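Asker: I'm passing along coords03.txt; it holds compact mmCIF, C-alpha atoms.
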```
# COMPACT_ATOMS: atom_id res chain seq x y z
CA MET A 221 -29.11 35.97 -10.48
CA LEU A 222 -31.40 33.64 -8.62
CA LYS A 223 -31.28 30.20 -10.22
CA ARG A 224 -33.93 27.57 -10.12
CA ASP A 225 -31.70 25.43 -7.89
CA ASP A 226 -31.28 28.29 -5.41
CA VAL A 227 -34.94 28.71 -4.63
CA VAL A 228 -35.28 25.97 -2.03
CA LYS A 229 -32.15 27.11 -0.18
CA LEU A 230 -33.22 30.75 -0.13
CA VAL A 231 -36.83 30.13 0.84
CA ARG A 232 -35.87 27.82 3.70
CA VAL A 233 -33.53 30.47 5.13
CA VAL A 234 -36.09 33.25 4.70
CA ALA A 235 -38.82 31.17 6.34
CA GLU A 236 -36.65 30.66 9.44
CA THR A 237 -36.03 34.40 9.82
CA ARG A 238 -37.23 35.98 13.06
CA GLU A 239 -37.89 39.60 13.80
CA ILE A 240 -35.40 39.52 16.69
CA GLU A 241 -32.08 37.78 16.18
CA ILE A 242 -28.76 38.36 17.90
CA GLY A 243 -25.61 39.08 15.88
CA CYS A 244 -22.32 37.19 15.85
CA ASP A 245 -20.72 39.39 18.52
CA GLU A 246 -23.50 38.84 21.02
CA CYS A 247 -23.49 35.12 20.30
CA PHE A 248 -19.71 34.96 20.80
CA GLU A 249 -20.00 36.77 24.13
CA GLN A 250 -22.29 34.05 25.43
CA LEU A 251 -20.72 31.08 23.69
CA ASP A 252 -18.64 29.94 26.68
CA SER A 253 -21.67 29.96 29.01
CA PHE A 254 -23.77 28.22 26.38
CA ALA A 255 -21.16 25.49 25.82
CA GLU A 256 -20.77 24.86 29.54
CA ALA A 257 -24.51 24.69 30.06
CA GLU A 258 -24.85 22.20 27.26
CA LEU A 259 -21.95 20.06 28.46
CA SER A 260 -23.36 19.96 31.98
CA GLY A 261 -26.65 18.62 30.69
CA VAL A 262 -28.61 21.83 31.27
CA GLU A 263 -31.12 22.59 28.52
CA ALA A 264 -29.00 25.41 27.12
CA SER A 265 -31.26 25.98 24.14
CA ALA A 266 -34.21 26.71 26.41
CA ALA A 267 -32.18 28.96 28.69
CA MET A 268 -30.50 30.84 25.85
CA PRO A 269 -32.87 30.56 22.88
CA LEU A 270 -31.38 33.47 20.95
CA VAL A 271 -27.93 31.89 21.07
CA ARG A 272 -29.38 28.58 19.90
CA ASP A 273 -31.23 30.33 17.10
CA HIS A 274 -28.09 32.16 15.99
CA LEU A 275 -26.05 28.96 16.01
CA ASP A 276 -28.69 27.30 13.84
CA LYS A 277 -28.45 30.13 11.32
CA CYS A 278 -24.76 31.05 11.29
CA ALA A 279 -22.35 28.36 10.10
CA ASP A 280 -19.33 30.40 11.21
CA CYS A 281 -20.50 30.68 14.79
CA HIS A 282 -21.67 27.10 14.79
CA SER A 283 -18.18 25.89 13.88
CA LYS A 284 -16.77 27.91 16.80
CA PHE A 285 -19.28 26.32 19.13
CA GLU A 286 -18.46 22.81 17.90
CA ALA A 287 -14.72 23.42 18.30
CA LEU A 288 -15.17 24.88 21.78
CA ARG A 289 -17.38 22.04 22.91
CA THR A 290 -14.82 19.49 21.72
CA ALA A 291 -11.95 21.36 23.35
CA VAL A 292 -13.67 21.82 26.71
CA ARG A 293 -14.83 18.23 26.81
CA SER A 294 -11.30 16.94 26.31
CA THR A 295 -9.35 19.23 28.63
CA MET B 142 -1.41 21.87 35.76
CA ARG B 143 -2.40 23.51 39.02
CA GLU B 144 -6.13 23.83 39.51
CA ARG B 145 -7.20 27.43 39.81
CA THR B 146 -10.47 29.19 40.45
CA ASN B 147 -11.45 32.01 38.11
CA GLU B 148 -10.26 34.52 40.67
CA GLN B 149 -6.90 32.74 40.98
CA TRP B 150 -6.42 32.74 37.22
CA LEU B 151 -7.08 36.45 37.06
CA ALA B 152 -4.86 37.20 40.06
CA ASP B 153 -2.00 35.07 38.72
CA LEU B 154 -2.17 36.52 35.21
CA ARG B 155 -2.35 40.06 36.52
CA GLY B 156 0.24 39.49 39.24
CA PRO B 157 3.95 40.23 39.21
CA ASN B 158 4.89 36.65 38.24
CA PRO B 159 2.44 35.44 35.59
CA ASP B 160 4.85 33.01 33.90
CA GLU B 161 3.55 29.82 35.51
CA ALA B 162 -0.08 30.71 34.81
CA LEU B 163 0.80 31.69 31.24
CA ALA B 164 2.59 28.40 30.68
CA ASP B 165 -0.34 26.43 32.13
CA LEU B 166 -2.81 28.31 30.01
CA TYR B 167 -0.68 27.82 26.90
CA ASP B 168 -0.60 24.05 27.50
CA LEU B 169 -4.35 23.96 28.02
CA LEU B 170 -5.01 25.91 24.82
CA VAL B 171 -2.74 23.67 22.77
CA ARG B 172 -4.50 20.57 24.14
CA GLY B 173 -7.87 22.08 23.29
CA LEU B 174 -6.75 23.00 19.78
CA ARG B 175 -5.39 19.50 19.28
CA ALA B 176 -8.71 18.01 20.37
CA ALA B 177 -10.78 20.32 18.18
CA PHE B 178 -8.62 20.38 15.06
CA GLY B 179 -6.32 17.36 15.38
CA GLY B 180 -8.07 15.57 12.56
CA TYR B 181 -7.76 18.36 10.01
CA GLY B 182 -4.45 17.22 8.54
CA GLY B 183 -2.49 19.42 6.17
CA GLY B 184 0.26 20.02 8.71
CA LEU B 185 -2.04 22.09 10.88
CA GLU B 186 -0.57 20.59 14.08
CA ALA B 187 2.53 22.72 13.53
CA ASN B 188 0.41 25.86 13.94
CA PHE B 189 -1.24 25.03 17.25
CA GLY B 190 1.57 26.70 19.20
CA ASP B 191 1.21 29.89 17.14
CA PHE B 192 -2.56 29.89 17.56
CA ALA B 193 -2.20 29.43 21.32
CA GLN B 194 0.38 32.21 21.48
CA GLU B 195 -1.84 34.61 19.54
CA ALA B 196 -4.78 33.67 21.73
CA LEU B 197 -2.70 34.30 24.89
CA ILE B 198 -1.97 37.82 23.71
CA LYS B 199 -5.68 38.46 23.11
CA ILE B 200 -6.63 36.86 26.44
CA THR B 201 -4.16 38.80 28.56
CA GLY B 202 -5.13 41.97 26.72
CA SER B 203 -8.80 41.55 27.47
CA LEU B 204 -8.94 40.13 31.00
CA ASP B 205 -11.22 42.99 32.02
CA SER B 206 -13.88 41.78 29.59
CA PHE B 207 -14.12 38.35 31.29
CA ARG B 208 -17.43 38.55 33.12
CA GLY B 209 -17.09 35.36 35.13
CA GLU B 210 -20.16 33.75 33.61
CA SER B 211 -18.23 30.61 32.73
CA ARG B 212 -15.03 29.00 33.85
CA PHE B 213 -12.05 31.16 32.94
CA THR B 214 -10.52 28.30 30.97
CA THR B 215 -13.67 27.92 28.82
CA TRP B 216 -13.62 31.63 28.06
CA ALA B 217 -9.93 31.41 27.16
CA GLN B 218 -10.50 28.39 24.92
CA LYS B 219 -13.27 30.23 23.12
CA ILE B 220 -10.74 32.86 22.12
CA ALA B 221 -8.25 30.23 20.95
CA MET B 222 -10.90 28.48 18.83
CA ASN B 223 -11.75 31.82 17.25
CA VAL B 224 -8.11 32.48 16.38
CA ALA B 225 -7.71 29.03 14.83
CA LEU B 226 -10.94 29.08 12.83
CA THR B 227 -10.33 32.59 11.53
CA GLU B 228 -6.97 31.48 10.20
CA LEU B 229 -8.33 28.23 8.77
CA LYS B 230 -11.05 30.03 6.85
CA ARG B 231 -8.62 32.64 5.61
CA ARG B 232 -6.36 29.92 4.20
CA ARG B 233 -9.23 28.08 2.60
CA TRP B 234 -10.90 31.13 1.04
CA HIS B 235 -8.22 33.79 0.52
CA ASP B 236 -7.98 33.09 -3.21
CA VAL B 237 -11.71 33.38 -3.77
CA SER B 238 -12.76 36.75 -5.13
CA LEU B 239 -16.38 37.79 -4.72
CA GLN B 240 -16.38 39.49 -8.13
CA GLU B 241 -15.19 36.29 -9.79
CA LEU B 242 -17.80 34.34 -7.88
CA PHE B 243 -20.56 36.66 -9.08
CA ALA B 244 -19.25 36.59 -12.66
CA ARG B 245 -19.15 32.79 -12.59
CA ARG B 246 -22.74 32.69 -11.41
CA GLU B 247 -23.87 35.01 -14.16
CA ALA B 248 -22.08 32.96 -16.77
CA ALA B 249 -23.38 29.64 -15.45
CA ASP B 250 -26.41 28.00 -16.89
CA ARG B 251 -29.46 29.05 -14.94
CA GLY B 252 -30.32 25.44 -14.31
CA PRO B 253 -32.64 23.65 -16.66
CA ALA B 254 -36.08 22.84 -15.45
CA ASP B 255 -36.72 19.26 -14.50
CA THR B 256 -37.91 17.57 -17.67
CA GLN B 257 -40.30 15.44 -15.67
CA LEU B 258 -42.38 18.49 -14.78
CA THR B 259 -45.78 19.00 -16.29
CA ALA B 260 -46.39 22.22 -18.20
CA GLU B 261 -48.48 23.43 -15.26
CA GLN B 262 -45.75 22.72 -12.69
CA LEU B 263 -43.17 24.42 -14.88
CA ALA B 264 -45.37 27.49 -15.27
CA LEU B 265 -45.84 27.64 -11.49
CA GLN B 266 -42.08 27.37 -10.91
CA ASN B 267 -41.43 30.13 -13.42
CA THR B 268 -43.97 32.39 -11.76
CA VAL B 269 -42.43 31.88 -8.32
CA LEU B 270 -38.90 32.27 -9.68
CA GLY B 271 -39.89 35.50 -11.40
CA GLU B 272 -41.45 36.87 -8.21
CA LEU B 273 -38.43 35.99 -6.10
CA ARG B 274 -36.04 37.50 -8.65
CA ARG B 275 -38.09 40.69 -8.69
CA MET B 276 -37.96 40.92 -4.89
CA ILE B 277 -34.21 40.42 -4.85
CA ASP B 278 -33.63 42.94 -7.64
CA GLU B 279 -36.03 45.61 -6.45
CA GLU B 280 -36.13 45.32 -2.69
CA LEU B 281 -32.55 44.54 -1.68
CA THR B 282 -29.64 46.95 -1.78
CA ASP B 283 -26.60 46.01 -3.86
CA ARG B 284 -24.72 45.01 -0.72
CA GLN B 285 -27.61 42.94 0.59
CA ARG B 286 -27.82 41.18 -2.78
CA GLU B 287 -24.10 40.44 -2.78
CA ALA B 288 -24.27 39.10 0.76
CA VAL B 289 -27.30 36.91 0.01
CA VAL B 290 -25.55 35.38 -2.99
CA ALA B 291 -22.20 34.82 -1.29
CA VAL B 292 -23.34 33.66 2.16
CA ILE B 293 -26.73 32.03 1.59
CA LEU B 294 -26.54 30.73 -1.96
CA GLU B 295 -22.82 30.05 -2.33
CA GLU B 296 -22.34 29.19 1.35
CA MET B 297 -19.10 31.11 1.79
CA PRO B 298 -18.09 31.79 5.42
CA ILE B 299 -19.66 35.01 6.60
CA SER B 300 -16.36 36.19 8.09
CA GLU B 301 -14.58 35.86 4.75
CA VAL B 302 -17.38 37.56 2.83
CA ALA B 303 -17.28 40.37 5.39
CA ARG B 304 -13.54 40.76 4.85
CA SER B 305 -14.00 40.93 1.08
CA MET B 306 -16.79 43.47 1.43
CA GLY B 307 -14.77 45.66 3.79
CA THR B 308 -16.98 45.13 6.82
CA ASN B 309 -17.03 42.84 9.84
CA GLN B 310 -18.86 39.61 10.55
CA ASN B 311 -21.33 41.10 13.00
CA ALA B 312 -22.30 43.95 10.68
CA LEU B 313 -22.70 41.56 7.76
CA TYR B 314 -24.93 39.26 9.81
CA LYS B 315 -27.15 42.21 10.62
CA LEU B 316 -27.21 43.31 6.98
CA LEU B 317 -28.26 39.79 6.00
CA HIS B 318 -30.86 39.67 8.76
CA ASP B 319 -32.41 42.87 7.36
CA ALA B 320 -32.35 41.35 3.86
CA ARG B 321 -34.04 38.14 5.07
CA LYS B 322 -36.70 40.14 6.92
CA LYS B 323 -37.41 42.20 3.79
CA LEU B 324 -37.74 39.08 1.65
CA LYS B 325 -39.99 37.44 4.25
CA ARG B 326 -42.31 40.44 4.29
CA GLN B 327 -42.31 40.60 0.50
CA MET B 328 -43.18 36.93 0.24
CA GLU B 329 -46.03 37.40 2.69
CA ALA B 330 -47.26 40.44 0.78
CA ALA B 331 -47.16 38.47 -2.47
CA GLY B 332 -49.07 35.61 -0.87
CA LEU B 333 -46.17 33.21 -1.30
CA SER B 334 -45.95 30.84 1.65
CA ALA B 335 -42.67 28.99 2.12
CA LYS B 336 -44.52 25.69 2.30
CA GLU B 337 -46.22 26.25 -1.02
CA VAL B 338 -43.02 27.40 -2.70
CA LEU B 339 -41.16 24.35 -1.44
CA ALA B 340 -43.99 22.14 -2.67
CA VAL B 341 -43.85 23.77 -6.12
CA PHE B 342 -40.14 23.02 -6.22
CA ASP B 343 -40.80 19.49 -5.07
CA GLU B 344 -39.02 19.87 -1.74
CA GLY B 345 -42.01 20.15 0.49
```
Just dump the structure as structure tokens.
Answerer:
Amino acid sequence: MLKRDDVVKLVRVVAETREIEIGCDECFEQLDSFAEAELSGVEASAAMPLVRDHLDKCADCHSKFEALRTAVRST
Amino acid sequence: MRERTNEQWLADLRGPNPDEALADLYDLLVRGLRAAFGGYGGGLEANFGDFAQEALIKITGSLDSFRGESRFTTWAQKIAMNVALTELKRRRWHDVSLQELFARREAADRGPADTQLTAEQLALQNTVLGELRRMIDEELTDRQREAVVAVILEEMPISEVARSMGTNQNALYKLLHDARKKLKRQMEAAGLSAKEVLAVFDEG
């Protein structure tokens, strides 16, 4: 089932895996605070590293963050 | 729109006359949706009102869960973005069946080796590929294997894969996290460093 072309994708993802990661629910709970911190110029990634890590790994949550950031910035 | 503090939003929405606050919030949500998804095309604009309405129902039904760690309006917009993205992904992926996806993968060519490789490079690639396949086959559960293929290799949205697998996004993320941790430990045990593997596959 694993194809030659899949190897790089899989190994990159596995290499980035941490013992402790938060799930999508926990990330979503903090997404509004994270977006505001980022928009106000605070180093949100340093203050909320587990949220940053989750957003880097989860495309679904990342798209929510991008949409929220755009919406908040424009309203 | 009248400026409100978080406390005023909560008081107005919980009060006896929430209509003005509801109307203000609705307008704000629609503006946010327009900003975030205005460029999507496909007649999506027509749905912003519905998304905002659905979000309002969720927001007013969960005011107690607002912890005041952000502005109320940011929290409310987060819920509206979630409503819109959930629907967008559902539309995009609702015809995709996981079983068909897996069958297509099985039927597809396994990807020919790069003809520029030396015999030694090819042998190394085959060894690594064999090891990784063994780990996936022997160490992961059926559900972990399905999730790895659909989310990591085929890059389907995790929420849609979760729906197809009869679970939720959060549970599927955790299942995938466990699978990734297992594979990481297995790679370490087999002496396969990510850097070396990527170098063997010419992506280092």
Asker: Give me, please, the distance in Å between atom CA of B:Asp191 and atom CA of B:Gly179, quoted to one decimal.
Answerer: 14.7 Å
Asker: Suppose you want the space between atom CA of B:Glu247 and atom CA of B:Asn309; what is it in Å?
Answerer: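 One can read the atom CA of B:Glu247 to atom CA of B:Asn309 distance as 26.2 Å.
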Asker: Between A:Ala266, A:Leu275, A:Leu259, A:Cys244, which one has atoms that come closest to chain B, using all atoms listed in the file?
Answerer: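 Among the listed residues, A:Cys244 lies closest to chain B.
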Asker: What does the distance from atom CA of B:Thr268 to atom CA of B:Ala244 come to in Å, to one decimal?
Answerer: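 Atom CA of B:Thr268 sits 25.1 Å away from atom CA of B:Ala244.
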Asker: Only residues of chain A matter here; which ones have an atom within 9 Å of chain B, counting all atoms listed in the file? Give them as an NGL selection string.
Answerer: :A and (221-235 or 237-239 or 241-246 or 248 or 250-256 or 278-280 or 283-295)
Asker: List the spatial neighbours of B:Arg145 as an NGL selection string - criterion: any atom at most 10 Å away, all atoms listed in the file, same-chain residues fewer than 2 positions off excluded.
Answerer: :B and (142-143 or 147-151 or 153 or 162 or 212-214)
Asker: Pick the closest to B:Glu272 from B:Leu154, B:Gly190, B:Gly307, B:Ala331: which is it, counting only C-alpha atoms?
Answerer: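 When distances to B:Glu272 are compared using only C-alpha atoms, the smallest one comes from B:Ala331.
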